[in-house]
$ cat final.cif   # mmCIF, C-alpha atoms
data_coords
loop_
_atom_site.group_PDB
_atom_site.id
_atom_site.type_symbol
_atom_site.label_atom_id
_atom_site.label_comp_id
_atom_site.auth_asym_id
_atom_site.auth_seq_id
_atom_site.Cartn_x
_atom_site.Cartn_y
_atom_site.Cartn_z
ATOM 1 C CA MET T 20 -54.260 -46.178 27.115
ATOM 2 C CA ASP T 21 -55.969 -46.752 23.856
ATOM 3 C CA LEU T 22 -54.039 -48.461 21.006
ATOM 4 C CA ARG T 23 -54.688 -45.491 18.735
ATOM 5 C CA ILE T 24 -53.130 -43.064 21.206
ATOM 6 C CA LYS T 25 -50.141 -45.346 21.748
ATOM 7 C CA THR T 26 -49.633 -45.674 17.984
ATOM 8 C CA PHE T 27 -50.037 -41.928 17.501
ATOM 9 C CA LEU T 28 -47.521 -41.202 20.293
ATOM 10 C CA ILE T 29 -44.990 -43.706 18.943
ATOM 11 C CA ILE T 30 -45.287 -42.380 15.387
ATOM 12 C CA GLY T 31 -45.290 -38.767 16.565
ATOM 13 C CA LEU T 32 -42.274 -39.173 18.840
ATOM 14 C CA THR T 33 -40.401 -41.129 16.162
ATOM 15 C CA LEU T 34 -41.196 -38.418 13.624
ATOM 16 C CA LEU T 35 -40.142 -35.632 16.021
ATOM 17 C CA GLY T 36 -36.949 -37.522 16.902
ATOM 18 C CA GLY T 37 -36.176 -38.007 13.216
ATOM 19 C CA ILE T 38 -36.799 -34.336 12.474
ATOM 20 C CA PHE T 39 -34.603 -33.330 15.426
ATOM 21 C CA ILE T 40 -31.770 -35.586 14.210
ATOM 22 C CA ILE T 41 -32.080 -34.233 10.648
ATOM 23 C CA ILE T 42 -32.046 -30.619 11.913
ATOM 24 C CA LEU T 43 -29.078 -31.288 14.177
ATOM 25 C CA PHE T 44 -27.152 -33.065 11.399
ATOM 26 C CA SER T 45 -28.035 -30.382 8.815
ATOM 27 C CA ASN T 46 -27.118 -27.545 11.182
ATOM 28 C CA THR T 47 -23.759 -29.113 11.994
ATOM 29 C CA LEU T 48 -23.022 -29.909 8.358
ATOM 30 C CA LEU T 49 -24.137 -26.503 7.070
ATOM 31 C CA THR T 50 -22.329 -24.595 9.829
ATOM 32 C CA GLN T 51 -19.081 -26.393 9.069
ATOM 33 C CA SER T 52 -19.566 -25.980 5.311
ATOM 34 C CA TYR T 53 -20.335 -22.265 5.597
ATOM 35 C CA ALA T 54 -17.454 -21.733 8.017
ATOM 36 C CA GLN T 55 -15.083 -23.370 5.526
ATOM 37 C CA PHE T 56 -16.626 -21.386 2.678
ATOM 38 C CA GLU T 57 -16.186 -18.136 4.623
ATOM 39 C CA GLN T 58 -12.606 -18.997 5.507
ATOM 40 C CA ASP T 59 -11.799 -19.817 1.872
ATOM 41 C CA ASP T 60 -13.490 -16.607 0.727
ATOM 42 C CA VAL T 61 -11.580 -14.463 3.240
ATOM 43 C CA THR T 62 -8.301 -16.169 2.293
ATOM 44 C CA GLN T 63 -8.967 -15.581 -1.395
ATOM 45 C CA LYS T 64 -9.850 -11.919 -0.811
ATOM 46 C CA MET T 65 -6.741 -11.431 1.331
ATOM 47 C CA MET T 66 -4.564 -12.930 -1.394
ATOM 48 C CA LYS T 67 -6.133 -10.603 -3.964
ATOM 49 C CA SER T 68 -5.582 -7.634 -1.647
ATOM 50 C CA LEU T 69 -1.953 -8.579 -1.061
ATOM 51 C CA LYS T 70 -1.396 -8.966 -4.799
ATOM 52 C CA MET T 71 -2.987 -5.567 -5.391
ATOM 53 C CA LEU T 72 -0.800 -3.956 -2.712
ATOM 54 C CA ASP T 73 2.280 -5.632 -4.157
ATOM 55 C CA TYR T 74 1.355 -4.334 -7.612
ATOM 56 C CA GLU T 75 0.891 -0.801 -6.262
ATOM 57 C CA ASN T 76 4.244 -1.055 -4.493
ATOM 58 C CA GLN T 77 5.939 -2.250 -7.696
ATOM 59 C CA GLN T 78 4.403 0.648 -9.623
ATOM 60 C CA LEU T 79 5.625 3.181 -7.064
ATOM 61 C CA VAL T 80 9.098 1.598 -7.055
ATOM 62 C CA ALA T 81 9.195 1.819 -10.875
ATOM 63 C CA ILE T 82 8.190 5.493 -10.857
ATOM 64 C CA THR T 83 10.714 6.295 -8.129
ATOM 65 C CA THR T 84 13.387 4.445 -10.090
ATOM 66 C CA ASP T 85 12.657 6.546 -13.181
ATOM 67 C CA TRP T 86 13.017 9.790 -11.259
ATOM 68 C CA SER T 87 15.916 8.839 -8.967
ATOM 69 C CA ARG T 88 18.110 7.623 -11.812
ATOM 70 C CA TRP T 89 17.995 10.781 -13.853
ATOM 71 C CA ASP T 90 20.775 13.303 -14.435
ATOM 72 C CA GLU T 91 18.487 16.281 -13.785
ATOM 73 C CA THR T 92 17.456 14.884 -10.388
ATOM 74 C CA TYR T 93 21.090 14.083 -9.602
ATOM 75 C CA ASP T 94 22.150 17.661 -10.372
ATOM 76 C CA PHE T 95 19.200 19.061 -8.410
ATOM 77 C CA VAL T 96 19.990 17.278 -5.140
ATOM 78 C CA ARG T 97 23.646 18.284 -5.546
ATOM 79 C CA ASP T 98 22.543 21.963 -5.739
ATOM 80 C CA LYS T 99 23.403 22.344 -9.413
ATOM 81 C CA ASN T 100 19.977 22.599 -11.036
ATOM 82 C CA ASP T 101 17.681 25.136 -9.391
ATOM 83 C CA ALA T 102 15.310 25.238 -12.371
ATOM 84 C CA TYR T 103 14.444 21.553 -11.797
ATOM 85 C CA ILE T 104 11.482 22.300 -9.532
ATOM 86 C CA GLU T 105 10.051 24.854 -11.905
ATOM 87 C CA ARG T 106 10.351 22.513 -14.903
ATOM 88 C CA ASN T 107 9.494 19.167 -13.327
ATOM 89 C CA ILE T 108 7.718 19.403 -9.978
ATOM 90 C CA ASN T 109 4.253 20.878 -10.263
ATOM 91 C CA TYR T 110 0.770 19.681 -9.401
ATOM 92 C CA GLU T 111 0.120 18.211 -12.843
ATOM 93 C CA SER T 112 3.336 16.172 -12.958
ATOM 94 C CA ILE T 113 2.829 14.823 -9.433
ATOM 95 C CA HIS T 114 -0.815 14.051 -10.161
ATOM 96 C CA ASN T 115 -0.019 12.356 -13.489
ATOM 97 C CA ILE T 116 2.544 9.977 -12.010
ATOM 98 C CA GLY T 117 0.105 9.086 -9.244
ATOM 99 C CA ILE T 118 1.994 10.135 -6.136
ATOM 100 C CA ASP T 119 0.863 12.244 -3.207
ATOM 101 C CA PHE T 120 4.151 13.591 -1.919
ATOM 102 C CA VAL T 121 7.823 13.877 -2.753
ATOM 103 C CA ILE T 122 10.905 14.488 -0.616
ATOM 104 C CA TYR T 123 14.355 15.194 -2.037
ATOM 105 C CA LEU T 124 17.254 14.742 0.353
ATOM 106 C CA ARG T 125 20.837 15.843 -0.083
ATOM 107 C CA SER T 126 23.654 13.338 0.494
ATOM 108 C CA ASP T 127 23.762 14.344 4.187
ATOM 109 C CA ASN T 128 20.007 13.501 4.474
ATOM 110 C CA SER T 129 18.997 17.133 4.901
ATOM 111 C CA VAL T 130 15.806 18.074 3.088
ATOM 112 C CA LYS T 131 16.443 19.807 -0.228
ATOM 113 C CA TYR T 132 12.757 19.996 -1.204
ATOM 114 C CA SER T 133 9.439 18.470 -0.161
ATOM 115 C CA ALA T 134 5.934 18.845 -1.498
ATOM 116 C CA LEU T 135 2.510 17.413 -0.758
ATOM 117 C CA LYS T 136 -0.327 17.317 -3.289
ATOM 118 C CA ASN T 137 -3.310 19.445 -2.214
ATOM 119 C CA VAL T 138 -6.140 17.983 -4.295
ATOM 120 C CA SER T 139 -8.796 20.518 -3.328
ATOM 121 C CA GLU T 140 -6.687 23.471 -4.493
ATOM 122 C CA GLU T 141 -4.827 21.544 -7.212
ATOM 123 C CA SER T 142 -1.510 22.771 -5.894
ATOM 124 C CA LEU T 143 1.568 21.598 -4.054
ATOM 125 C CA VAL T 144 2.159 22.585 -0.453
ATOM 126 C CA PRO T 145 5.092 21.886 1.847
ATOM 127 C CA ILE T 146 4.897 18.618 3.760
ATOM 128 C CA PRO T 147 4.284 19.279 7.465
ATOM 129 C CA PRO T 148 7.592 19.073 9.370
ATOM 130 C CA ASP T 149 6.288 16.393 11.743
ATOM 131 C CA ALA T 150 5.440 14.131 8.768
ATOM 132 C CA VAL T 151 8.913 14.649 7.271
ATOM 133 C CA THR T 152 10.492 13.899 10.651
ATOM 134 C CA LYS T 153 8.426 10.724 11.003
ATOM 135 C CA ILE T 154 9.486 9.508 7.548
ATOM 136 C CA LEU T 155 13.150 10.345 8.053
ATOM 137 C CA SER T 156 13.219 8.661 11.464
ATOM 138 C CA ILE T 157 12.259 5.205 10.152
ATOM 139 C CA PRO T 158 15.170 2.981 11.208
ATOM 140 C CA GLY T 159 17.303 1.943 8.223
ATOM 141 C CA PHE T 160 15.038 3.629 5.676
ATOM 142 C CA LEU T 161 17.795 5.932 4.433
ATOM 143 C CA SER T 162 20.624 3.384 4.673
ATOM 144 C CA PHE T 163 21.447 1.787 1.347
ATOM 145 C CA ASP T 164 23.950 -1.013 0.797
ATOM 146 C CA THR T 165 24.391 -0.115 -2.886
ATOM 147 C CA ILE T 166 23.367 2.739 -5.132
ATOM 148 C CA LEU T 167 20.693 0.480 -6.668
ATOM 149 C CA ASP T 168 18.948 -0.376 -3.382
ATOM 150 C CA THR T 169 15.301 0.403 -2.759
ATOM 151 C CA HIS T 170 13.428 0.664 0.520
ATOM 152 C CA SER T 171 9.646 0.615 0.561
ATOM 153 C CA GLY T 172 6.814 0.133 2.988
ATOM 154 C CA PHE T 173 3.799 1.663 4.703
ATOM 155 C CA ILE T 174 3.678 4.562 7.077
ATOM 156 C CA HIS T 175 0.790 6.160 8.917
ATOM 157 C CA LEU T 176 0.943 9.928 8.613
ATOM 158 C CA PRO T 177 -1.570 12.521 9.832
ATOM 159 C CA GLU T 178 -2.865 12.677 6.237
ATOM 160 C CA GLY T 179 -3.474 8.904 6.264
ATOM 161 C CA ALA T 180 -1.645 5.670 5.508
ATOM 162 C CA SER T 181 0.860 5.858 2.667
ATOM 163 C CA PHE T 182 3.109 3.663 0.598
ATOM 164 C CA ILE T 183 6.598 5.134 0.620
ATOM 165 C CA VAL T 184 9.637 4.327 -1.483
ATOM 166 C CA ALA T 185 13.170 5.646 -1.050
ATOM 167 C CA GLN T 186 16.038 5.261 -3.495
ATOM 168 C CA PRO T 187 19.490 6.789 -3.845
ATOM 169 C CA VAL T 188 19.700 9.478 -6.516
ATOM 170 C CA ILE T 189 22.234 8.531 -9.166
ATOM 171 C CA THR T 190 22.981 9.435 -12.774
ATOM 172 C CA SER T 191 21.021 8.259 -15.799
ATOM 173 C CA ILE T 192 23.735 5.714 -16.555
ATOM 174 C CA TYR T 193 23.475 4.251 -13.049
ATOM 175 C CA GLU T 194 26.685 5.694 -11.716
ATOM 176 C CA GLY T 195 27.358 7.184 -8.309
ATOM 177 C CA PRO T 196 28.169 8.225 -5.822
ATOM 178 C CA SER T 197 24.654 8.883 -4.668
ATOM 179 C CA GLY T 198 23.795 12.565 -4.786
ATOM 180 C CA GLY T 199 21.055 12.132 -2.193
ATOM 181 C CA THR T 200 17.791 10.284 -1.737
ATOM 182 C CA LEU T 201 14.418 10.528 -3.440
ATOM 183 C CA ILE T 202 11.285 9.567 -1.489
ATOM 184 C CA PHE T 203 7.913 9.208 -3.190
ATOM 185 C CA GLY T 204 4.696 8.539 -1.300
ATOM 186 C CA GLU T 205 1.253 7.527 -2.406
#
$ encode --input "final.cif" --output "structure tokens"
Amino acid sequence: MDLRIKTFLIIGLTLLGGIFIIILFSNTLLTQSYAQFEQDDVTQKMMKSLKMLDYENQQLVAITTDWSRWDETYDFVRDKNDAYIERNINYESIHNIGIDFVIYLRSDNSVKYSALKNVSEESLVPIPPDAVTKILSIPGFLSFDTILDTHSGFIHLPEGASFIVAQPVITSIYEGPSGGTLIFGE
């Protein structure tokens, strides 16, 4: 073999070997870097999502607290204020406080009133009985240790996933006994 060909082969193979090593090293380094970047990005987005869900839950708890610790609500669930629905529960009020459904329970956990927001007709309709049954059958959801307890969480209903919050209904000065339970869903 000619010296030129040998030199060309040695230089060419050395160059190809070097390029192969650089590509292999770069691929490994970049793959690991991008994998870490993706993992960090997903973790950061999950944390933001969890914070957002926690904020939404806190907002729903605050709204439920306002309504469940109100003398008018207390009288309503104790069957003493039949005008309550007419004055307070309509599409606009439910829409303005940002909830999708409401369930009022008497002290024996029987349903006093329930309503679901119908956005297309801008009206309230009764909650389907199977949805009410599903909510009321959540273990421990309607058991409160004190009159200031709150239970909240997610539930999957036929209408979609919902945040739900339940609180005992007490007077405006935070006295009991509980007249029933108020459940708001969003």
$ atom_distance --input "final.cif" --atom1 "atom CA of Glu75 of chain T" --atom2 "atom CA of Phe182 of chain T"
8.5 Å
$ residues_around --input "final.cif" --residues "Thr152 of chain T" --least-positions-apart "3" --cutoff "12 Å" --atoms "all atoms listed in the file" --output "PyMOL selection string"
chain T and resi 122+128-130+133+146-149+155-158+176
$ closest_residue --input "final.cif" --among "T:Glu178, T:Asp119, T:Asp127, T:Glu91" --to "Gly204 of chain T" --atoms "all atoms listed in the file"
T:Asp119
$ atom_distance --input "final.cif" --atom1 "atom CA of Val80 of chain T" --atom2 "atom CA of Asp101 of chain T"
25.2 Å
$ closest_residue --input "final.cif" --among "T:Tyr110, T:Phe27, T:Tyr123, T:Tyr74" --to "Glu141 of chain T" --atoms "all atoms listed in the file"
T:Tyr110
$ residues_around --input "final.cif" --residues "Tyr93 of chain T" --least-positions-apart "4" --cutoff "7 Å" --atoms "only C-alpha atoms" --output "PDB file with C-alpha atoms, in the frame of the given file"
ATOM      1  CA  TRP T  89      17.995  10.781 -13.853  1.00  0.00           C
ATOM      2  CA  ARG T  97      23.646  18.284  -5.546  1.00  0.00           C
ATOM      3  CA  VAL T 188      19.700   9.478  -6.516  1.00  0.00           C
ATOM      4  CA  ILE T 189      22.234   8.531  -9.166  1.00  0.00           C
ATOM      5  CA  THR T 190      22.981   9.435 -12.774  1.00  0.00           C
ATOM      6  CA  GLY T 198      23.795  12.565  -4.786  1.00  0.00           C
TER       7      GLY T 198
END
$ resolve_selection --input "final.cif" --expression "the PyMOL selection byres ((chain T and resi 136) around 12)" --output "PyMOL selection string"
chain T and resi 108-122+133-135+137-147+178+203-205
$ resolve_selection --input "final.cif" --expression "the PyMOL selection byres ((chain T and resi 162) around 12)" --output "number ranges by chain"
T: 126-128, 155-161, 163-170, 185-187, 197, 199-200
$ atom_distance --input "final.cif" --atom1 "atom CA of Glu194 of chain T" --atom2 "atom CA of Arg88 of chain T"
8.8 Å
$ closest_residue --input "final.cif" --among "T:Ala150, T:Leu34, T:Leu49, T:Ala102" --to "Gly179 of chain T" --atoms "only C-alpha atoms"
T:Ala150
$ closest_residue --input "final.cif" --among "T:Thr26, T:Asn46, T:Thr92, T:Gln63" --to "Ile104 of chain T" --atoms "all atoms listed in the file"
T:Thr92
